[in-house]
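Quick look at final_30.cif (mmCIF, C-alpha atoms):
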data_target
loop_
_atom_site.label_atom_id
_atom_site.label_comp_id
_atom_site.auth_asym_id
_atom_site.auth_seq_id
_atom_site.Cartn_x
_atom_site.Cartn_y
_atom_site.Cartn_z
CA MET A 1 -9.62 -14.70 4.95
CA THR A 2 -5.97 -14.82 5.89
CA ALA A 3 -4.19 -11.64 6.99
CA LEU A 4 -0.66 -10.28 6.77
CA VAL A 5 0.46 -8.98 10.15
CA LEU A 6 3.52 -6.78 10.63
CA ASP A 7 5.63 -6.51 13.76
CA ALA A 8 7.51 -3.32 14.62
CA GLU A 9 10.49 -4.03 12.39
CA ALA A 10 8.33 -4.98 9.41
CA LEU A 11 6.19 -1.89 9.87
CA SER A 12 9.31 0.26 10.09
CA LEU A 13 10.71 -1.24 6.88
CA LEU A 14 7.41 -0.71 5.07
CA ALA A 15 7.38 2.92 6.14
CA ASP A 16 11.02 3.39 5.18
CA ALA A 17 10.49 1.87 1.71
CA GLY A 18 14.25 1.64 1.30
CA ALA A 19 16.72 -0.86 -0.10
CA ARG A 20 16.20 -3.22 2.87
CA SER A 21 12.44 -3.26 2.39
CA ALA A 22 12.24 -5.73 -0.50
CA GLU A 23 10.82 -8.60 1.53
CA VAL A 24 8.14 -6.46 3.16
CA MET A 25 7.21 -4.96 -0.19
CA ALA A 26 6.88 -8.43 -1.71
CA ALA A 27 4.60 -9.47 1.13
CA VAL A 28 2.33 -6.42 1.03
CA LYS A 29 2.14 -6.63 -2.76
CA ALA A 30 1.06 -10.27 -2.45
CA ALA A 31 -1.54 -9.33 0.16
CA ALA A 32 -2.91 -6.54 -2.02
CA ASN A 33 -2.98 -8.82 -5.08
CA LEU A 34 -5.12 -11.28 -3.14
CA GLY A 35 -7.21 -8.68 -1.33
CA ARG A 36 -5.93 -9.71 2.10
CA PRO A 37 -5.77 -7.19 4.93
CA VAL A 38 -2.41 -5.87 6.14
CA VAL A 39 -2.58 -5.33 9.88
CA ALA A 40 -0.36 -4.18 12.72
CA PRO A 41 -1.36 -4.15 16.37
CA THR A 42 -1.22 -0.54 17.56
CA VAL A 43 0.96 -1.62 20.45
CA VAL A 44 3.90 -2.30 18.08
CA LEU A 45 4.19 1.46 17.74
CA LEU A 46 5.46 1.46 21.32
CA GLU A 47 8.55 -0.45 20.21
CA LEU A 48 9.18 2.11 17.48
CA MET A 49 8.92 4.99 19.96
CA ARG A 50 12.33 3.96 21.28
CA GLY A 51 13.90 5.03 18.03
CA SER A 52 12.54 8.46 17.26
CA SER A 53 13.73 8.42 13.65
CA ARG A 54 11.97 5.12 12.99
CA MET A 55 8.79 6.44 14.59
CA ALA A 56 9.04 9.60 12.50
CA ALA A 57 9.26 7.51 9.33
CA VAL A 58 6.21 5.47 10.34
CA ASN A 59 4.24 8.59 11.26
CA SER A 60 5.17 10.20 7.98
CA ALA A 61 4.10 7.13 5.98
CA LEU A 62 0.82 6.76 7.87
CA ASN A 63 0.10 10.47 7.47
CA ARG A 64 0.56 10.15 3.71
CA SER A 65 -1.39 6.90 3.44
CA GLN A 66 -3.68 6.51 6.42
CA ASP A 67 -5.03 3.17 5.27
CA LEU A 68 -1.70 1.64 4.33
CA VAL A 69 -1.82 -0.53 7.43
CA ALA A 70 -4.92 -1.32 9.47
CA LEU A 71 -3.99 -0.68 13.09
CA ARG A 72 -5.68 -3.05 15.54
CA HIS A 73 -6.29 -1.19 18.77
CA THR A 74 -6.40 -3.14 22.00
CA ASP A 75 -9.94 -3.24 23.32
CA ARG A 76 -11.46 -5.62 25.83
CA ASP A 77 -12.13 -8.43 23.36
CA PHE A 78 -8.69 -8.21 21.83
CA ALA A 79 -7.04 -8.09 25.26
CA GLY A 80 -8.78 -11.34 26.05
CA LEU A 81 -7.38 -12.91 22.92
CA VAL A 82 -3.86 -11.68 23.69
CA GLY A 83 -4.26 -12.97 27.22
CA GLY A 84 -4.88 -16.42 25.79
CA VAL A 85 -1.79 -16.42 23.59
CA LEU A 86 0.73 -16.00 26.41
CA PRO A 87 -0.20 -18.94 28.65
CA ALA A 88 -0.71 -21.19 25.62
CA ALA A 89 2.97 -20.62 24.81
CA ASP A 90 4.07 -20.69 28.44
CA ALA A 91 5.27 -17.11 27.94
CA ASP A 92 5.06 -14.11 30.21
CA SER A 93 4.33 -10.44 29.75
CA ALA A 94 7.82 -9.82 28.34
CA ASP A 95 6.38 -11.18 25.09
CA MET A 96 3.28 -9.01 25.28
CA VAL A 97 3.89 -7.09 22.04
CA ASP A 98 4.63 -10.22 20.02
CA ALA A 99 1.56 -11.84 21.53
CA HIS A 100 -0.49 -8.98 20.09
CA CYS A 101 0.85 -9.89 16.63
CA VAL A 102 -0.21 -13.52 17.06
CA ALA A 103 -3.63 -12.47 18.35
CA ALA A 104 -4.08 -10.05 15.46
CA THR A 105 -3.29 -12.83 13.00
CA VAL A 106 -5.79 -15.17 14.62
CA GLU A 107 -8.49 -12.51 14.80
CA CYS A 108 -8.05 -10.52 11.58
CA GLY A 109 -7.11 -13.57 9.56
CA GLY A 110 -10.08 -15.60 10.70
CA GLY A 111 -7.76 -18.03 12.39
CA GLY A 112 -4.72 -17.78 10.20
CA GLY A 113 -2.25 -15.72 8.29
CA VAL A 114 1.35 -14.66 8.01
CA ILE A 115 3.37 -12.69 10.55
CA LEU A 116 6.35 -10.77 9.22
CA THR A 117 8.89 -10.31 11.97
CA ALA A 118 12.54 -9.72 12.70
CA ASP A 119 12.36 -12.09 15.66
CA THR A 120 11.12 -15.40 14.35
CA ASP A 121 12.15 -17.52 17.35
CA ASP A 122 9.88 -15.81 19.86
CA MET A 123 7.05 -15.49 17.37
CA ILE A 124 7.20 -19.19 16.42
CA GLN A 125 7.05 -20.12 20.10
CA LEU A 126 4.08 -17.84 20.72
CA SER A 127 2.16 -19.05 17.70
CA ALA A 128 2.87 -22.77 18.16
CA SER A 129 -0.69 -23.43 19.32
CA TYR A 130 -2.18 -21.88 16.18
CA ARG A 131 -1.43 -24.16 13.26
CA ASN A 132 -2.68 -21.69 10.64
CA VAL A 133 -0.28 -18.95 11.69
CA ILE A 134 2.90 -18.78 9.61
CA VAL A 135 5.95 -16.81 10.74
CA GLU A 136 8.28 -15.30 8.14
CA ARG A 137 11.50 -13.41 8.69
CA VAL A 138 11.62 -9.91 7.32
CA MET B 139 -16.49 17.83 -0.15
CA THR B 140 -18.43 15.82 -2.67
CA SER B 141 -20.06 12.57 -1.80
CA THR B 142 -20.20 9.67 -4.18
CA LYS B 143 -22.38 6.61 -4.28
CA ARG B 144 -20.92 3.28 -5.03
CA LYS B 145 -22.46 -0.13 -5.45
CA VAL B 146 -20.80 -2.67 -3.21
CA THR B 147 -21.30 -6.39 -3.30
CA ILE B 148 -20.37 -8.32 -0.21
CA SER B 149 -20.33 -12.02 0.49
CA VAL B 150 -21.70 -13.02 3.87
CA ASP B 151 -20.29 -16.13 5.39
CA GLN B 152 -23.21 -18.43 6.19
CA ASP B 153 -21.65 -19.65 9.42
CA ALA B 154 -21.16 -16.09 10.65
CA LEU B 155 -24.73 -15.22 9.85
CA THR B 156 -25.94 -18.30 11.68
CA ARG B 157 -23.84 -17.37 14.71
CA VAL B 158 -25.38 -13.89 14.79
CA SER B 159 -28.83 -15.39 14.44
CA LYS B 160 -28.32 -17.97 17.18
CA SER B 161 -26.89 -15.42 19.55
CA GLY B 162 -30.36 -13.91 19.77
CA LYS B 163 -29.32 -10.61 18.30
CA ASP B 164 -32.20 -8.55 17.02
CA SER B 165 -32.46 -7.13 13.52
CA PRO B 166 -30.68 -3.83 14.28
CA SER B 167 -27.69 -5.86 15.40
CA LEU B 168 -27.81 -7.89 12.25
CA SER B 169 -28.01 -4.66 10.28
CA ALA B 170 -25.02 -3.29 12.16
CA TYR B 171 -23.15 -6.49 11.42
CA LEU B 172 -23.85 -6.18 7.70
CA ASN B 173 -22.98 -2.48 7.73
CA GLN B 174 -19.67 -3.34 9.32
CA LEU B 175 -18.98 -5.86 6.57
CA VAL B 176 -19.53 -3.14 3.97
CA LEU B 177 -17.27 -0.72 5.83
CA ASP B 178 -14.58 -3.39 6.16
CA ASP B 179 -14.82 -4.06 2.44
CA LEU B 180 -14.41 -0.38 1.59
CA ALA B 181 -11.48 -0.03 3.99
CA LEU B 182 -9.79 -3.01 2.35
CA ASP B 183 -10.23 -1.38 -1.07
CA ARG B 184 -8.63 1.84 0.18
CA GLN B 185 -5.79 -0.12 1.71
CA ARG B 186 -5.12 -1.99 -1.54
CA GLU B 187 -4.99 1.27 -3.49
CA GLN B 188 -2.48 2.74 -1.06
CA ILE B 189 -0.33 -0.38 -1.00
CA PHE B 190 -0.21 -0.46 -4.79
CA GLY B 191 0.82 3.21 -4.73
CA VAL B 192 3.65 2.58 -2.26
CA VAL B 193 4.77 -0.51 -4.19
CA ALA B 194 4.79 1.44 -7.47
CA ASP B 195 6.96 4.15 -5.89
CA TYR B 196 9.29 1.51 -4.49
CA GLU B 197 9.62 -0.30 -7.82
CA ALA B 198 10.27 2.98 -9.63
CA MET B 199 13.23 3.53 -7.31
CA PHE B 200 14.61 0.01 -6.78
CA GLY B 201 13.26 -1.98 -9.71
CA GLU B 202 10.63 -4.66 -9.83
CA ILE B 203 10.05 -6.63 -6.67
CA ASN B 204 11.20 -10.21 -7.17
CA PRO B 205 8.11 -11.96 -8.60
CA ALA B 206 9.18 -15.24 -6.98
CA ARG B 207 9.00 -13.63 -3.54
CA VAL B 208 5.58 -12.15 -4.29
CA GLU B 209 4.42 -15.58 -5.44
CA HIS B 210 5.84 -17.12 -2.27
CA PHE B 211 3.77 -14.82 -0.09
CA GLU B 212 0.70 -15.28 -2.26
CA GLU B 213 0.94 -19.01 -1.62
CA LEU B 214 1.25 -18.46 2.12
CA LEU B 215 -1.71 -16.09 2.16
CA SER B 216 -3.96 -18.25 -0.04
#
Kindly present the structure from the file in structure tokens form.
Amino acid sequence: MTALVLDAEALSLLADAGARSAEVMAAVKAAANLGRPVVAPTVVLLELMRGSSRMAAVNSALNRSQDLVALRHTDRDFAGLVGGVLPAADADSADMVDAHCVAATVECGGGGGVILTADTDDMIQLSASYRNVIVERV
Amino acid sequence: MTSTKRKVTISVDQDALTRVSKSGKDSPSLSAYLNQLVLDDLALDRQREQIFGVVADYEAMFGEINPARVEHFEELLS
């Protein structure tokens, strides 16, 4: 089963549900229509912490709808998967958060899925080894 | 709080079941595996309900989401 994975920007836009959120809304609607999981690695919340208003919007949305996005926490197994993404793309720990998105897609999507991101270049590089991972700009 | 019973049908991937079997897991582990499948299925149902709620609110405010874009993502996720 493929999964829809959101990076920090996509998660923020989903939570905001504003005029700029059309693409994210189309993607989550498609996922819900097909019964596909919508996932975000918990670590993407760290990127949102830098903008307190964005984090507040995400917190508010997740408080209202706790199951809106399935958060994938980083445990030992998942860390191992993330650890494999970085060297496969010849990347370093600077891309750690994006690597979590790729790993979540591979794991939660049974090998494939769609990543919604504001930074397609880095994500395409990180996911190059996984042919069933598709990167879409939000 | 009231509890409700609900009949859930799950499909078990044969390959996954074979992997669990070959890994030498005992029956409690297999049971836990199946229980987890049921829980995952219920969580996915809850998530779909909430997404449809958020989408309905969004469409009430901004109009219908472009069906072509929804179709595009459905193709990617199929």
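CA of Ala118 in chain A lies 5.5 Å from CA of Val138 in chain A.
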Between chain A and chain B, at 9 Å or less, what are the per-residue closest atom pairs and their distances in Å? Count all atoms listed in the file, order by chain and rising residue number, and return it as JSON lines.
{"residue": "A:Met1", "atom": "CA", "partner": "B:Ser216", "partner_atom": "CA", "distance": 8.3}
{"residue": "A:Thr2", "atom": "CA", "partner": "B:Leu215", "partner_atom": "CA", "distance": 5.8}
{"residue": "A:Ala3", "atom": "CA", "partner": "B:Leu215", "partner_atom": "CA", "distance": 7.0}
{"residue": "A:Leu4", "atom": "CA", "partner": "B:Leu215", "partner_atom": "CA", "distance": 7.5}
{"residue": "A:Leu14", "atom": "CA", "partner": "B:Val192", "partner_atom": "CA", "distance": 8.9}
{"residue": "A:Ala17", "atom": "CA", "partner": "B:Tyr196", "partner_atom": "CA", "distance": 6.3}
{"residue": "A:Gly18", "atom": "CA", "partner": "B:Tyr196", "partner_atom": "CA", "distance": 7.6}
{"residue": "A:Ala19", "atom": "CA", "partner": "B:Phe200", "partner_atom": "CA", "distance": 7.1}
{"residue": "A:Ser21", "atom": "CA", "partner": "B:Tyr196", "partner_atom": "CA", "distance": 8.9}
{"residue": "A:Ala22", "atom": "CA", "partner": "B:Ile203", "partner_atom": "CA", "distance": 6.6}
{"residue": "A:Glu23", "atom": "CA", "partner": "B:Arg207", "partner_atom": "CA", "distance": 7.4}
{"residue": "A:Met25", "atom": "CA", "partner": "B:Val193", "partner_atom": "CA", "distance": 6.5}
{"residue": "A:Ala26", "atom": "CA", "partner": "B:Val208", "partner_atom": "CA", "distance": 4.7}
{"residue": "A:Ala27", "atom": "CA", "partner": "B:Phe211", "partner_atom": "CA", "distance": 5.5}
{"residue": "A:Val28", "atom": "CA", "partner": "B:Ile189", "partner_atom": "CA", "distance": 6.9}
{"residue": "A:Lys29", "atom": "CA", "partner": "B:Val208", "partner_atom": "CA", "distance": 6.7}
{"residue": "A:Ala30", "atom": "CA", "partner": "B:Glu212", "partner_atom": "CA", "distance": 5.0}
{"residue": "A:Ala31", "atom": "CA", "partner": "B:Glu212", "partner_atom": "CA", "distance": 6.8}
{"residue": "A:Ala32", "atom": "CA", "partner": "B:Arg186", "partner_atom": "CA", "distance": 5.1}
{"residue": "A:Asn33", "atom": "CA", "partner": "B:Glu212", "partner_atom": "CA", "distance": 8.0}
{"residue": "A:Leu34", "atom": "CA", "partner": "B:Glu212", "partner_atom": "CA", "distance": 7.1}
{"residue": "A:Gly35", "atom": "CA", "partner": "B:Arg186", "partner_atom": "CA", "distance": 7.0}
{"residue": "A:Arg36", "atom": "CA", "partner": "B:Leu215", "partner_atom": "CA", "distance": 7.6}
{"residue": "A:Pro37", "atom": "CA", "partner": "B:Leu182", "partner_atom": "CA", "distance": 6.3}
{"residue": "A:Val38", "atom": "CA", "partner": "B:Gln185", "partner_atom": "CA", "distance": 8.0}
{"residue": "A:Ser65", "atom": "CA", "partner": "B:Gln188", "partner_atom": "CA", "distance": 6.2}
{"residue": "A:Gln66", "atom": "CA", "partner": "B:Gln185", "partner_atom": "CA", "distance": 8.4}
{"residue": "A:Asp67", "atom": "CA", "partner": "B:Gln185", "partner_atom": "CA", "distance": 4.9}
{"residue": "A:Leu68", "atom": "CA", "partner": "B:Gln185", "partner_atom": "CA", "distance": 5.2}
{"residue": "A:Val69", "atom": "CA", "partner": "B:Gln185", "partner_atom": "CA", "distance": 7.0}
{"residue": "A:Ala70", "atom": "CA", "partner": "B:Gln185", "partner_atom": "CA", "distance": 7.9}
{"residue": "A:Gly112", "atom": "CA", "partner": "B:Leu215", "partner_atom": "CA", "distance": 8.7}
{"residue": "A:Gly113", "atom": "CA", "partner": "B:Leu215", "partner_atom": "CA", "distance": 6.2}
{"residue": "A:Val114", "atom": "CA", "partner": "B:Leu215", "partner_atom": "CA", "distance": 6.8}
{"residue": "A:Ile134", "atom": "CA", "partner": "B:Leu214", "partner_atom": "CA", "distance": 7.7}
- Applied to the shown file, which residues does the PyMOL selection byres ((chain A and resi 83) around 10) return, written as a list in words? Asp77, Phe78, Ala79, Gly80, Leu81, Val82, Gly84, Val85, Leu86, Pro87, Ala88, Asp92, Ser93, Met96, Ala99, His100 and Ala103 of chain A
- Translate the PyMOL selection byres ((chain A and resi 122) around 12), as applied to the file shown, into an explicit residue set as a list of chain:residue names. A:Asp7, A:Leu86, A:Ala89, A:Asp90, A:Ala91, A:Asp92, A:Ala94, A:Asp95, A:Met96, A:Val97, A:Asp98, A:Ala99, A:Cys101, A:Val102, A:Ile115, A:Thr117, A:Ala118, A:Asp119, A:Thr120, A:Asp121, A:Met123, A:Ile124, A:Gln125, A:Leu126, A:Ser127, A:Ala128, A:Val135, A:Glu136, A:Arg137
Print the selection's residues with C-alpha atoms to a file, as a PDB file, in the frame of the given file.
ATOM      1  CA  ASP A   7       5.630  -6.510  13.760  1.00  0.00           C
ATOM      2  CA  LEU A  86       0.730 -16.000  26.410  1.00  0.00           C
ATOM      3  CA  ALA A  89       2.970 -20.620  24.810  1.00  0.00           C
ATOM      4  CA  ASP A  90       4.070 -20.690  28.440  1.00  0.00           C
ATOM      5  CA  ALA A  91       5.270 -17.110  27.940  1.00  0.00           C
ATOM      6  CA  ASP A  92       5.060 -14.110  30.210  1.00  0.00           C
ATOM      7  CA  ALA A  94       7.820  -9.820  28.340  1.00  0.00           C
ATOM      8  CA  ASP A  95       6.380 -11.180  25.090  1.00  0.00           C
ATOM      9  CA  MET A  96       3.280  -9.010  25.280  1.00  0.00           C
ATOM     10  CA  VAL A  97       3.890  -7.090  22.040  1.00  0.00           C
ATOM     11  CA  ASP A  98       4.630 -10.220  20.020  1.00  0.00           C
ATOM     12  CA  ALA A  99       1.560 -11.840  21.530  1.00  0.00           C
ATOM     13  CA  CYS A 101       0.850  -9.890  16.630  1.00  0.00           C
ATOM     14  CA  VAL A 102      -0.210 -13.520  17.060  1.00  0.00           C
ATOM     15  CA  ILE A 115       3.370 -12.690  10.550  1.00  0.00           C
ATOM     16  CA  THR A 117       8.890 -10.310  11.970  1.00  0.00           C
ATOM     17  CA  ALA A 118      12.540  -9.720  12.700  1.00  0.00           C
ATOM     18  CA  ASP A 119      12.360 -12.090  15.660  1.00  0.00           C
ATOM     19  CA  THR A 120      11.120 -15.400  14.350  1.00  0.00           C
ATOM     20  CA  ASP A 121      12.150 -17.520  17.350  1.00  0.00           C
ATOM     21  CA  MET A 123       7.050 -15.490  17.370  1.00  0.00           C
ATOM     22  CA  ILE A 124       7.200 -19.190  16.420  1.00  0.00           C
ATOM     23  CA  GLN A 125       7.050 -20.120  20.100  1.00  0.00           C
ATOM     24  CA  LEU A 126       4.080 -17.840  20.720  1.00  0.00           C
ATOM     25  CA  SER A 127       2.160 -19.050  17.700  1.00  0.00           C
ATOM     26  CA  ALA A 128       2.870 -22.770  18.160  1.00  0.00           C
ATOM     27  CA  VAL A 135       5.950 -16.810  10.740  1.00  0.00           C
ATOM     28  CA  GLU A 136       8.280 -15.300   8.140  1.00  0.00           C
ATOM     29  CA  ARG A 137      11.500 -13.410   8.690  1.00  0.00           C
TER      30      ARG A 137
END
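Residues in contact with Ala15 in chain A at 9 Å, where only C-alpha atoms are counted and same-chain residues fewer than 6 positions away are skipped, are listed as Ser21, Arg54, Ala57, Val58, Asn59, Ser60, Ala61 and Leu62 of chain A.
From CA of Ser12 in chain A back to CA of Leu45 in chain A, the distance works out to 9.3 Å.
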